[in-house]
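**Q** First, the structure itself, so that you have it in front of you.
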Amino acid sequence: MKNPILLIFSLLFCAQSFAQVTYEEFESRHLNTSRELKIKLPDDYDPESELKHPVIIVFDGEYLFEPVSGQVSYQTYFDEMPESIIVGVVQGKERFYDSYFDEVSGLPIESGDHFYKFIDQELIPYIDSKYNTSKFKVAVGHDLMGNFINSFLFHETPVFQAYINLSPDFKGTMNENVSARLEWLDNDVFYYMATADGDIKSIRDKVRITNDNLKTLDNKNLTYYFDEFVGDSHYTLVNGALSNALDKIFELYKPLDIKELNEKALSYEGTLDDYILERYQRIDDLFGVFKPISEDELQQLIALAEQREDTESFYKLGKLANKLNPNSSFGTYYMALHAEKLGKTRKAVKLYESALTLDEMSHINREFIMSHVEGLKFVEDDTETELEDDEEN
């Protein structure tokens, strides 16, 4: 990781995350032995809450769990991704047997197949039954386990909805099988793959060939990202790749930014309240999590509505804000401002006076609202005087 400040932040988050990890021995019928798990729940996890969390399964958990946990903590802190449940599978010396594969297809067989069934039929159902999990599952694998996680794509419905392949050591024709599968996939899947100029040459070469095939695929259900890092090795690429992968996978989850406003919302055919509601419905549909719309995002859309000269959006965003937080003056203020812009003075005054009874915001306080009320009452009195003079004449 080249940025020293980012490195310090990552180390701090790693240390914090490590302190909150629980260790558990899981008895597996398919493996006929127990496996150690590392489990980290969100900081504010509440088992009684209806809030759901994506699950990130980390293979090679003995060394890969901490980098993943640190990066997740970092990105959730800045609301870049949803709070997630991270499960590390400690493999150690069993790694080779866990990843045992068919030399032609690259798919797991024998002990590899037992490990596959342990993950699919035991571990994931166990985590789902014990914690408040969403339907969105992420697999993280490096090297041999980077090859292995791809086998979950070939389930009738892919076991994972996102695959983070860190310098995957593709075996047999696994990379060709992956390309064929992703071309015709009819479920939404995120697929990320990374290598580096200092990667193991045989791995890098095969990853590059795979990328050449994947980047030509035209499948609306596939979201594909690829990185080739400069100055990194087979091992040091992990932190940068995890950062980029999680950033891309959860891009939709992030708050509105200027790029999205200009490229998507500005030209949206419809009112902007529909735009933001549809956006958040996609977050729920895709990740299976609830995320509240922030007043800051509504403020950005209000400004965009003014730019579009879209008075209907202006009013509807105010109504939406009232619905989301009826105790805040935000929505009522903008509904009043909408009435004022349309020349509906009495309605505007009434709404402004209603806003005075609600909770203030940093930029919409009592003094600010009163300035509108006094100005409109002056206009209203002046208009009534003119009407009386006209009647006398």
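In the structure tokens, the first chain shown is A, the next is B, and so on; residue numbers restart at 1 for each chain, and ligands run from 1 in the order shown.
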List the neighbours of Leu337 (chain A) out to 9 Å using only C-alpha atoms; skip same-chain residues closer than 3 positions along the sequence, and give me the result as a PDB file with C-alpha atoms, in the first residue's frame.
**A**
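The resulting file, selection-v8.pdb, is reproduced below:
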ATOM      1  CA  PHE A 314     -38.911  20.273  -5.472  1.00  0.00           C
ATOM      2  CA  TYR A 315     -42.312  19.752  -3.849  1.00  0.00           C
ATOM      3  CA  THR A 332     -41.927  21.378   5.506  1.00  0.00           C
ATOM      4  CA  TYR A 333     -39.417  24.161   4.827  1.00  0.00           C
ATOM      5  CA  TYR A 334     -38.897  23.064   1.228  1.00  0.00           C
ATOM      6  CA  GLU A 340     -43.360  30.719  -2.248  1.00  0.00           C
ATOM      7  CA  LYS A 341     -41.753  30.182  -5.660  1.00  0.00           C
ATOM      8  CA  LEU A 342     -45.228  29.589  -7.155  1.00  0.00           C
ATOM      9  CA  ALA A 348     -46.123  29.390   2.083  1.00  0.00           C
ATOM     10  CA  LEU A 351     -46.057  25.996   5.957  1.00  0.00           C
ATOM     11  CA  TYR A 352     -43.191  28.145   7.246  1.00  0.00           C
ATOM     12  CA  HIS A 372     -39.013  34.125   5.171  1.00  0.00           C
TER      13      HIS A 372
END
**Q** Can you tell me which residues surround Asp285 (chain A) at a distance of at most 10 Å, considering only C-alpha atoms, apart from same-chain residues fewer than 6 positions away, and format the answer as a count of residues only?
**A** 3
**Q** Using the chain letters and numbers from this document, which residues of region 130-340 of chain A does DSSP assign to strand (DSSP E), as an MDAnalysis selection string?
**A** chainID A and resid 133:142 162:166 189:198 222:233
**Q** Which one is closest to Thr195 (chain A): A:Asp359, A:Asp212, A:Glu228, A:Glu66? Count only C-alpha atoms.
**A**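 When distances to Thr195 (chain A) are compared using only C-alpha atoms, the smallest one comes from A:Glu228.
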**Q** Of the candidates A:Gln281, A:Val159, A:Lys117, A:Asp218, which shows the shortest atom-to-atom distance to Asn32 (chain A), using only C-alpha atoms?
**A**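 Closest residue, counting only C-alpha atoms: A:Lys117.
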**Q** Quick one: pick out all alpha helix (DSSP H) residues within region 6-210 of chain A from a backbone DSSP run and write them as a count of residues only.
**A** 75
**Q** List as a list in words the protein and nucleic acid residues near region 271-276 of chain A, meaning an atom at most 8 Å away when only C-alpha atoms are counted, but skip any in the same chain fewer than 2 places from it.
**A**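 Surrounding residues, per the criterion: Ala265, Tyr268, Glu269, Glu278, Arg279, Tyr280, Ile293, Leu301, Ala305, Asp310, Glu312, Ser313, Lys316, Leu317 and Leu320 of chain A.
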**Q** So, with only C-alpha atoms as the atoms that count, which of A:Asp120, A:Lys344, A:Phe101, A:Phe78 lies closest to His155 (chain A)?
**A** A:Asp120
**Q** Give one line per residue of region 124-171 of chain A that approaches region 35-47 of chain A to at most 10 Å, naming the two atoms of the closest pair and their distance in Å to one decimal, counting only C-alpha atoms; sort by chain then ascending residue number and deliver it as a Markdown table.
**A**
| residue | atom | partner | partner_atom | distance |
| --- | --- | --- | --- | --- |
| A:Ile127 | CA | A:Ile39 | CA | 9.7 |
| A:Lys130 | CA | A:Pro47 | CA | 9.0 |
| A:Tyr131 | CA | A:Pro47 | CA | 6.9 |
| A:Asn132 | CA | A:Pro47 | CA | 6.7 |
**Q** Take the residues from that selection and write them out as a short mmCIF file (atom, residue, chain, number, x, y, z; two decimals), in the first residue's frame, keeping C-alpha atoms.
**A**
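Ended up saving to part29.cif:
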data_model
loop_
_atom_site.label_atom_id
_atom_site.label_comp_id
_atom_site.auth_asym_id
_atom_site.auth_seq_id
_atom_site.Cartn_x
_atom_site.Cartn_y
_atom_site.Cartn_z
CA ILE A 127 -24.21 -18.63 9.90
CA LYS A 130 -27.31 -17.93 14.03
CA TYR A 131 -27.03 -14.33 12.83
CA ASN A 132 -29.10 -11.66 11.09
#
**Q** Please provide as a PyMOL selection string all residues within 10 Å of Met370 (chain A), with the sequence filter that same-chain residues fewer than 2 positions apart are discarded (counting only C-alpha atoms).
**A** chain A and resi 349+352-353+355-356+365-368+372-376
**Q** For the residues in that selection, give me C-alpha atoms as a PDB file, in the first residue's frame.
**A**
ATOM      1  CA  VAL A 349     -46.565  31.391   5.304  1.00  0.00           C
ATOM      2  CA  TYR A 352     -43.191  28.145   7.246  1.00  0.00           C
ATOM      3  CA  GLU A 353     -45.047  28.626  10.536  1.00  0.00           C
ATOM      4  CA  ALA A 355     -41.792  24.372  10.191  1.00  0.00           C
ATOM      5  CA  LEU A 356     -41.120  26.611  13.196  1.00  0.00           C
ATOM      6  CA  ASN A 365     -33.039  27.290  12.013  1.00  0.00           C
ATOM      7  CA  ARG A 366     -35.812  29.377  13.554  1.00  0.00           C
ATOM      8  CA  GLU A 367     -34.209  32.713  12.676  1.00  0.00           C
ATOM      9  CA  PHE A 368     -33.757  31.684   9.036  1.00  0.00           C
ATOM     10  CA  HIS A 372     -39.013  34.125   5.171  1.00  0.00           C
ATOM     11  CA  VAL A 373     -42.231  34.517   7.172  1.00  0.00           C
ATOM     12  CA  GLU A 374     -41.730  38.217   7.874  1.00  0.00           C
ATOM     13  CA  GLY A 375     -40.827  38.908   4.253  1.00  0.00           C
ATOM     14  CA  LEU A 376     -43.908  37.084   2.952  1.00  0.00           C
TER      15      LEU A 376
END
